[in-house]
Structures are given as structure tokens and as C-alpha cells.
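Containing PDB, C-alpha atoms, pLDDT in the B column: target.pdb.
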```pdb
ATOM      1  CA  MET Q 753      51.370  43.081  41.219  1.00 59.00           C
ATOM      2  CA  ARG Q 754      53.239  44.122  38.132  1.00 69.00           C
ATOM      3  CA  ARG Q 755      52.022  43.207  34.689  1.00 74.00           C
ATOM      4  CA  PRO Q 756      54.609  41.932  32.220  1.00 75.00           C
ATOM      5  CA  VAL Q 757      55.355  44.311  29.361  1.00 77.00           C
ATOM      6  CA  ASP Q 758      55.129  42.806  25.885  1.00 88.00           C
ATOM      7  CA  ARG Q 759      57.622  43.448  23.051  1.00 89.00           C
ATOM      8  CA  ALA Q 760      55.284  45.637  20.954  1.00 90.00           C
ATOM      9  CA  THR Q 761      54.903  48.102  23.815  1.00 91.00           C
ATOM     10  CA  LEU Q 762      58.676  48.229  24.334  1.00 91.00           C
ATOM     11  CA  LEU Q 763      59.336  48.829  20.631  1.00 93.00           C
ATOM     12  CA  LEU Q 764      56.678  51.546  20.482  1.00 94.00           C
ATOM     13  CA  GLY Q 765      58.173  53.285  23.534  1.00 94.00           C
ATOM     14  CA  PHE Q 766      61.667  53.132  22.043  1.00 94.00           C
ATOM     15  CA  ALA Q 767      60.398  54.596  18.733  1.00 96.00           C
ATOM     16  CA  VAL Q 768      58.708  57.488  20.577  1.00 96.00           C
ATOM     17  CA  LEU Q 769      61.941  58.239  22.465  1.00 96.00           C
ATOM     18  CA  LEU Q 770      63.955  58.231  19.233  1.00 96.00           C
ATOM     19  CA  LEU Q 771      61.464  60.499  17.478  1.00 96.00           C
ATOM     20  CA  GLY Q 772      61.380  62.919  20.417  1.00 96.00           C
ATOM     21  CA  GLY Q 773      65.195  63.029  20.528  1.00 95.00           C
ATOM     22  CA  GLY Q 774      65.332  63.808  16.800  1.00 95.00           C
ATOM     23  CA  VAL Q 775      62.846  66.669  17.152  1.00 95.00           C
ATOM     24  CA  TRP Q 776      64.748  68.079  20.172  1.00 94.00           C
ATOM     25  CA  PHE Q 777      68.070  67.892  18.243  1.00 93.00           C
ATOM     26  CA  ILE Q 778      66.669  69.788  15.256  1.00 91.00           C
ATOM     27  CA  ALA Q 779      64.887  72.385  17.389  1.00 91.00           C
ATOM     28  CA  THR Q 780      67.969  73.260  19.470  1.00 92.00           C
ATOM     29  CA  ARG Q 781      70.470  73.672  16.594  1.00 90.00           C
ATOM     30  CA  PRO Q 782      71.474  77.238  15.792  1.00 86.00           C
ATOM     31  CA  ILE Q 783      70.266  78.659  12.509  1.00 81.00           C
ATOM     32  CA  ALA Q 784      73.089  79.939  10.297  1.00 75.00           C
ATOM     33  CA  VAL Q 785      72.065  83.108   8.531  1.00 75.00           C
ATOM     34  CA  ALA Q 786      74.543  84.668   6.103  1.00 73.00           C
ATOM     35  CA  PRO Q 787      74.537  88.446   6.138  1.00 71.00           C
ATOM     36  CA  ILE Q 788      72.706  90.099   3.302  1.00 68.00           C
ATOM     37  CA  VAL Q 789      74.921  92.483   1.359  1.00 61.00           C
ATOM     38  CA  ASP Q 790      73.702  96.062   1.494  1.00 60.00           C
ATOM     39  CA  LEU Q 791      74.475  97.656  -1.868  1.00 57.00           C
ATOM     40  CA  GLY Q 792      74.014 101.112  -0.444  1.00 57.00           C
ATOM     41  CA  SER Q 793      76.914 100.764   2.036  1.00 55.00           C
ATOM     42  CA  GLY Q 794      79.595 100.602  -0.654  1.00 54.00           C
ATOM     43  CA  ALA Q 795      80.280  96.883  -0.340  1.00 53.00           C
ATOM     44  CA  THR Q 796      80.744  95.066  -3.583  1.00 57.00           C
ATOM     45  CA  ALA Q 797      78.208  92.513  -4.534  1.00 57.00           C
ATOM     46  CA  PRO Q 798      78.879  89.598  -6.814  1.00 59.00           C
ATOM     47  CA  GLY Q 799      78.759  90.866 -10.385  1.00 58.00           C
ATOM     48  CA  ALA Q 800      79.385  94.479  -9.313  1.00 59.00           C
ATOM     49  CA  GLY Q 801      81.378  96.482 -11.819  1.00 62.00           C
ATOM     50  CA  VAL Q 802      80.081  94.426 -14.731  1.00 66.00           C
ATOM     51  CA  GLU Q 803      78.644  96.506 -17.497  1.00 75.00           C
ATOM     52  CA  ARG Q 804      75.083  95.668 -18.453  1.00 76.00           C
ATOM     53  CA  VAL Q 805      74.333  95.257 -22.136  1.00 78.00           C
ATOM     54  CA  LYS Q 806      70.983  96.189 -23.561  1.00 82.00           C
ATOM     55  CA  PRO Q 807      69.734  93.724 -26.167  1.00 80.00           C
ATOM     56  CA  GLY Q 808      69.407  94.997 -29.696  1.00 82.00           C
ATOM     57  CA  PRO Q 809      66.653  94.288 -32.216  1.00 86.00           C
ATOM     58  CA  LEU Q 810      65.846  90.657 -33.010  1.00 81.00           C
ATOM     59  CA  ALA Q 811      67.175  91.061 -36.557  1.00 83.00           C
ATOM     60  CA  ALA Q 812      70.659  91.397 -35.074  1.00 83.00           C
ATOM     61  CA  TYR Q 813      70.366  87.844 -33.706  1.00 80.00           C
ATOM     62  CA  SER Q 814      69.334  86.086 -36.915  1.00 81.00           C
ATOM     63  CA  GLU Q 815      72.135  83.487 -36.684  1.00 80.00           C
ATOM     64  CA  THR Q 816      71.175  82.704 -33.089  1.00 79.00           C
ATOM     65  CA  LEU Q 817      67.541  82.334 -34.053  1.00 77.00           C
ATOM     66  CA  LYS Q 818      68.518  79.864 -36.792  1.00 79.00           C
ATOM     67  CA  ARG Q 819      70.020  77.498 -34.210  1.00 79.00           C
ATOM     68  CA  PRO Q 820      67.198  76.153 -32.043  1.00 77.00           C
ATOM     69  CA  LEU Q 821      68.044  75.992 -28.371  1.00 79.00           C
ATOM     70  CA  PHE Q 822      66.379  72.675 -27.609  1.00 80.00           C
ATOM     71  CA  GLU Q 823      67.799  70.681 -30.543  1.00 78.00           C
ATOM     72  CA  PRO Q 824      70.820  68.574 -29.497  1.00 79.00           C
ATOM     73  CA  THR Q 825      72.758  69.458 -32.668  1.00 81.00           C
ATOM     74  CA  ARG Q 826      71.656  73.119 -32.629  1.00 79.00           C
ATOM     75  CA  ARG Q 827      70.901  72.687 -36.331  1.00 79.00           C
ATOM     76  CA  PRO Q 828      67.703  74.063 -37.784  1.00 74.00           C
ATOM     77  CA  THR Q 829      64.901  71.573 -37.970  1.00 72.00           C
ATOM     78  CA  VAL Q 830      64.047  70.457 -41.456  1.00 75.00           C
ATOM     79  CA  ALA Q 831      60.366  70.555 -42.176  1.00 79.00           C
ATOM     80  CA  LYS Q 832      59.087  67.124 -43.131  1.00 82.00           C
ATOM     81  CA  PRO Q 833      57.025  66.963 -46.287  1.00 84.00           C
ATOM     82  CA  PRO Q 834      53.374  66.433 -45.520  1.00 83.00           C
ATOM     83  CA  GLU Q 835      52.307  62.820 -45.600  1.00 83.00           C
ATOM     84  CA  VAL Q 836      50.102  61.935 -48.478  1.00 81.00           C
ATOM     85  CA  VAL Q 837      47.002  60.256 -47.183  1.00 80.00           C
ATOM     86  CA  ARG Q 838      45.762  57.777 -49.686  1.00 78.00           C
ATOM     87  CA  PRO Q 839      42.143  56.742 -49.511  1.00 78.00           C
ATOM     88  CA  ARG Q 840      41.707  53.197 -48.372  1.00 77.00           C
ATOM     89  CA  GLU Q 841      40.752  50.778 -51.015  1.00 74.00           C
ATOM     90  CA  PRO Q 842      37.523  48.996 -50.275  1.00 74.00           C
ATOM     91  CA  PRO Q 843      38.067  45.428 -49.171  1.00 73.00           C
ATOM     92  CA  LEU Q 844      37.621  42.777 -51.782  1.00 70.00           C
ATOM     93  CA  PRO Q 845      34.265  41.048 -51.623  1.00 76.00           C
ATOM     94  CA  PRO Q 846      34.413  37.498 -50.356  1.00 73.00           C
ATOM     95  CA  PRO Q 847      34.597  34.913 -53.105  1.00 71.00           C
ATOM     96  CA  ALA Q 848      31.257  33.703 -54.304  1.00 70.00           C
ATOM     97  CA  VAL Q 849      30.373  30.401 -52.781  1.00 69.00           C
ATOM     98  CA  ALA Q 850      27.986  28.254 -54.719  1.00 68.00           C
ATOM     99  CA  LYS Q 851      25.026  27.610 -52.486  1.00 70.00           C
ATOM    100  CA  ALA Q 852      24.187  24.012 -52.062  1.00 72.00           C
ATOM    101  CA  PRO Q 853      20.587  23.178 -52.827  1.00 75.00           C
ATOM    102  CA  PRO Q 854      18.443  22.803 -49.732  1.00 72.00           C
ATOM    103  CA  PRO Q 855      17.827  19.312 -48.479  1.00 78.00           C
ATOM    104  CA  SER Q 856      14.681  17.766 -49.798  1.00 78.00           C
ATOM    105  CA  ALA Q 857      11.542  17.996 -47.670  1.00 76.00           C
ATOM    106  CA  GLU Q 858       9.741  15.408 -49.756  1.00 78.00           C
ATOM    107  CA  GLY Q 859       8.064  12.756 -47.734  1.00 79.00           C
ATOM    108  CA  MET Q 860       7.794  14.931 -44.594  1.00 84.00           C
ATOM    109  CA  LYS Q 861       4.232  15.190 -43.384  1.00 86.00           C
ATOM    110  CA  LEU Q 862       2.570  17.114 -40.601  1.00 88.00           C
ATOM    111  CA  LEU Q 863       0.342  14.676 -38.760  1.00 88.00           C
ATOM    112  CA  GLY Q 864      -0.997  17.052 -36.121  1.00 89.00           C
ATOM    113  CA  VAL Q 865      -0.546  20.131 -33.937  1.00 90.00           C
ATOM    114  CA  VAL Q 866      -1.389  20.197 -30.221  1.00 90.00           C
ATOM    115  CA  ARG Q 867      -1.477  22.933 -27.625  1.00 86.00           C
ATOM    116  CA  SER Q 868      -2.257  22.170 -24.009  1.00 83.00           C
ATOM    117  CA  GLY Q 869      -3.040  25.104 -21.714  1.00 83.00           C
ATOM    118  CA  ARG Q 870      -0.145  27.548 -21.561  1.00 84.00           C
ATOM    119  CA  GLU Q 871       2.291  25.076 -23.101  1.00 84.00           C
ATOM    120  CA  PRO Q 872       3.754  26.052 -26.497  1.00 86.00           C
ATOM    121  CA  PHE Q 873       2.503  24.384 -29.671  1.00 88.00           C
ATOM    122  CA  ARG Q 874       3.845  20.882 -30.356  1.00 91.00           C
ATOM    123  CA  ALA Q 875       3.707  19.217 -33.734  1.00 92.00           C
ATOM    124  CA  LEU Q 876       3.794  15.580 -34.752  1.00 89.00           C
ATOM    125  CA  VAL Q 877       5.892  15.309 -37.927  1.00 88.00           C
ATOM    126  CA  ARG Q 878       6.694  12.164 -39.878  1.00 87.00           C
ATOM    127  CA  THR Q 879       9.946  12.146 -41.845  1.00 80.00           C
ATOM    128  CA  ARG Q 880      10.340  10.272 -45.100  1.00 72.00           C
ATOM    129  CA  ASP Q 881      12.532   7.568 -43.562  1.00 69.00           C
ATOM    130  CA  GLY Q 882      10.351   6.921 -40.530  1.00 66.00           C
ATOM    131  CA  GLU Q 883       6.946   5.375 -40.302  1.00 71.00           C
ATOM    132  CA  SER Q 884       6.238   6.867 -36.887  1.00 75.00           C
ATOM    133  CA  GLY Q 885       6.264  10.576 -36.173  1.00 83.00           C
ATOM    134  CA  SER Q 886       8.336  12.767 -33.869  1.00 85.00           C
ATOM    135  CA  TRP Q 887       6.971  15.393 -31.505  1.00 89.00           C
ATOM    136  CA  VAL Q 888       8.761  18.728 -32.044  1.00 91.00           C
ATOM    137  CA  VAL Q 889       8.613  22.261 -30.627  1.00 91.00           C
ATOM    138  CA  GLU Q 890      10.051  25.501 -32.007  1.00 91.00           C
ATOM    139  CA  GLY Q 891      13.851  25.222 -32.192  1.00 91.00           C
ATOM    140  CA  SER Q 892      13.852  21.401 -32.568  1.00 90.00           C
ATOM    141  CA  GLN Q 893      15.889  19.677 -35.273  1.00 89.00           C
ATOM    142  CA  LEU Q 894      14.403  17.307 -37.839  1.00 84.00           C
ATOM    143  CA  GLY Q 895      17.495  15.974 -39.583  1.00 82.00           C
ATOM    144  CA  PRO Q 896      19.013  18.985 -41.396  1.00 86.00           C
ATOM    145  CA  TRP Q 897      15.851  21.054 -40.836  1.00 88.00           C
ATOM    146  CA  ARG Q 898      15.175  23.285 -37.825  1.00 91.00           C
ATOM    147  CA  VAL Q 899      11.631  24.065 -36.710  1.00 92.00           C
ATOM    148  CA  VAL Q 900      11.174  27.858 -36.760  1.00 92.00           C
ATOM    149  CA  GLY Q 901       7.444  28.166 -36.257  1.00 91.00           C
ATOM    150  CA  ILE Q 902       4.374  26.160 -35.310  1.00 90.00           C
ATOM    151  CA  ALA Q 903       0.791  27.382 -35.645  1.00 86.00           C
ATOM    152  CA  ASP Q 904      -2.665  25.853 -36.085  1.00 82.00           C
ATOM    153  CA  GLY Q 905      -2.394  23.290 -38.859  1.00 84.00           C
ATOM    154  CA  ARG Q 906       1.066  24.254 -40.119  1.00 88.00           C
ATOM    155  CA  VAL Q 907       4.798  24.087 -39.303  1.00 91.00           C
ATOM    156  CA  VAL Q 908       7.622  26.155 -40.839  1.00 91.00           C
ATOM    157  CA  ILE Q 909      11.035  24.491 -41.093  1.00 90.00           C
ATOM    158  CA  GLU Q 910      14.330  25.989 -42.264  1.00 90.00           C
ATOM    159  CA  ALA Q 911      17.651  24.658 -43.583  1.00 88.00           C
ATOM    160  CA  GLN Q 912      20.524  26.565 -45.244  1.00 83.00           C
ATOM    161  CA  GLY Q 913      18.448  29.752 -45.486  1.00 82.00           C
ATOM    162  CA  HIS Q 914      15.512  28.024 -47.227  1.00 84.00           C
ATOM    163  CA  ARG Q 915      12.121  27.792 -45.555  1.00 87.00           C
ATOM    164  CA  VAL Q 916       9.430  25.229 -46.199  1.00 87.00           C
ATOM    165  CA  GLU Q 917       5.906  25.147 -44.827  1.00 89.00           C
ATOM    166  CA  LEU Q 918       4.368  21.826 -43.867  1.00 89.00           C
ATOM    167  CA  ALA Q 919       0.595  21.881 -43.749  1.00 86.00           C
ATOM    168  CA  MET Q 920      -1.775  19.156 -42.693  1.00 83.00           C
ATOM    169  CA  PHE Q 921      -3.112  17.096 -45.603  1.00 77.00           C
ATOM    170  CA  ALA Q 922      -0.808  18.845 -48.105  1.00 74.00           C
ATOM    171  CA  GLU Q 923       2.621  18.366 -49.662  1.00 71.00           C
ATOM    172  CA  PRO Q 924       5.466  20.583 -48.398  1.00 68.00           C
ATOM    173  CA  LYS Q 925       5.731  23.872 -50.240  1.00 71.00           C
ATOM    174  CA  PRO Q 926       8.696  26.299 -50.225  1.00 72.00           C
ATOM    175  CA  ILE Q 927       8.181  29.793 -48.854  1.00 72.00           C
ATOM    176  CA  VAL Q 928       9.328  32.373 -51.394  1.00 67.00           C
ATOM    177  CA  LYS Q 929      10.868  35.545 -49.953  1.00 62.00           C
ATOM    178  CA  ARG Q 930       9.918  38.744 -51.787  1.00 51.00           C
TER     179      ARG Q 930
END
```

Encoded form (C-alpha cells):
Amino acid sequence: MRRPVDRATLLLGFAVLLLGGGVWFIATRPIAVAPIVDLGSGATAPGAGVERVKPGPLAAYSETLKRPLFEPTRRPTVAKPPEVVRPREPPLPPPAVAKAPPPSAEGMKLLGVVRSGREPFRALVRTRDGESGSWVVEGSQLGPWRVVGIADGRVVIEAQGHRVELAMFAEPKPIVKR
């Protein structure tokens, strides 16, 4: 029984035949080699009978040296004056912005601090407008204030770059940076 031949096999076979024919055609062509002229046999070579000139000193070619070979106009290049590098002026400082006073921490009270096992500290803080307290952890917001630290018996809050420490049984006091 004969197997049917698919198209890919036929195309591949045809390509191999074409390639083989091309190689055979190139290999069987004669190579044309022009004879090399032997100067000793008296035959004239191209340029024979032309007198050779020895170059003189470079000073004799001063006009040629003045016209650069690789310039399209063959005119001497004009040296550009060196660029003056000016020092950069320092940038103007940003305009002074009047800092707003920090929000008031009056009326905020620390009611308690709790830590349970490996849990972080939690603090119960009462704000001036609320009668009940809010449980907070570090990073929590209390109105405009952000809780930045909680420890035994105290909480540090921050707003607009100002820090205030809330302590149990005491009024809030600002933390002065030195």
C-alpha cells in the first residue's frame, strides 16, 4: 500500500531540487581569469610611461593644507570662541508660608492604656467634644491629630509638625524640640 504524500513534503523536495540545481550550475561554470601583465616582457601596463613625481616638503603645499579635505566648501574652519560657562545661580528659596497654629488639644484626656499579650498598646482617649472615649493604636487619627506613640500611662499625638503628650491624670502638654 502506498501512503499519500502531503504538501509540505512535496514543497520540501522541490526546494531541495532547486537548491541542488543552483549549486550544480555555479560549480560547472568556467572561471574567467584575465591574464596578468608581466612588466618584464616589455608589454605596457596601464600608467606605463607616466613620470613619477616625488613630493616636496610640506611647506610647498601651504595653500593645499589651508583647504581642509573633508569640509564641503574646502574653506578653512573658523575656530569658535570658547563658551563662557556661567555659574548657576542658586534657586530662590520658596516663599515663607506662615505656619498655622496647631489645633488645640485642650479637653483631650487619656483615660487608659492597655496591652494584651503580644498585641500593641491601645489607648482610650476622650476628645473634648465627646463624652465617651475612642480606642486608638499608633497611626490612628483623632480629628486633626495622629497618634505617633503609646507607652505606659502616656500617648504622643502630632498635628502640623507639633507634638503633644497626653498623660493620665494630667492636662496635655506640648513637647518642645531642642

Can you pull out every residue within 9 Å of region 874-878 of chain Q, counting all atoms listed in the file, but drop anything in the same chain fewer than 3 positions away, and send it as a compact mmCIF listing (two decimals) with C-alpha atoms, in the frame of the given file?
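Contents of around-v2.txt, as written:
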```
# COMPACT_ATOMS: atom_id res chain seq x y z
CA GLY Q 859 8.06 12.76 -47.73
CA MET Q 860 7.79 14.93 -44.59
CA LYS Q 861 4.23 15.19 -43.38
CA LEU Q 862 2.57 17.11 -40.60
CA LEU Q 863 0.34 14.68 -38.76
CA GLY Q 864 -1.00 17.05 -36.12
CA VAL Q 865 -0.55 20.13 -33.94
CA VAL Q 866 -1.39 20.20 -30.22
CA ARG Q 867 -1.48 22.93 -27.62
CA SER Q 868 -2.26 22.17 -24.01
CA GLU Q 871 2.29 25.08 -23.10
CA ASP Q 881 12.53 7.57 -43.56
CA GLY Q 882 10.35 6.92 -40.53
CA GLU Q 883 6.95 5.38 -40.30
CA SER Q 884 6.24 6.87 -36.89
CA GLY Q 885 6.26 10.58 -36.17
CA SER Q 886 8.34 12.77 -33.87
CA TRP Q 887 6.97 15.39 -31.50
CA VAL Q 888 8.76 18.73 -32.04
CA VAL Q 889 8.61 22.26 -30.63
CA GLU Q 890 10.05 25.50 -32.01
CA LEU Q 894 14.40 17.31 -37.84
CA ILE Q 902 4.37 26.16 -35.31
CA ALA Q 903 0.79 27.38 -35.65
CA GLY Q 905 -2.39 23.29 -38.86
CA ARG Q 906 1.07 24.25 -40.12
CA VAL Q 907 4.80 24.09 -39.30
CA LEU Q 918 4.37 21.83 -43.87
```

Neighbour list for Glu858 (chain Q) as a PyMOL selection string, cut-off 9 Å, all atoms listed in the file, skip fewer than 3 positions in-chain:
chain Q and resi 861+879-880+923-924

Taking the file as I've supplied it (selection: the PyMOL selection byres ((chain Q and resi 896) around 9)), which residues are included? Please answer as a ChimeraX atom specification.
/Q:855,893-895,897-898,910-912

Take CA of Gly901 (chain Q) and CA of Glu917 (chain Q) and report the distance between them in Å, one decimal.
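Rounded to one decimal, the two atoms are 9.2 Å apart.
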
Could you jot down the CA of Ala760 (chain Q) to CA of Phe777 (chain Q) separation for me, Å, one decimal place?
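Here the two named atoms are 25.8 Å from each other.
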
State, in Å with one decimal place, the distance from CA of Ile783 (chain Q) to CA of Leu771 (chain Q).
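CA of Leu771 (chain Q) lies at a distance of 20.8 Å from CA of Ile783 (chain Q).
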
Please write the residues picked by the PyMOL selection byres ((chain Q and resi 916) around 6) on this file as a ChimeraX atom specification.
/Q:908-909,915,917,925-927

Residue neighbourhood Lys818 (chain Q), 10 Å, all atoms listed in the file, exclusion window fewer than 4 positions, as a PyMOL selection string
chain Q and resi 813-814+826-829

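When the PyMOL selection byres ((chain Q and resi 854) around 9) is run on the displayed coordinates, the residues it returns are Q:Lys851, Q:Ala852, Q:Pro853, Q:Pro855, Q:Ser856, Q:Ala857, Q:Ala911, Q:Gln912, Q:Gly913, Q:His914.
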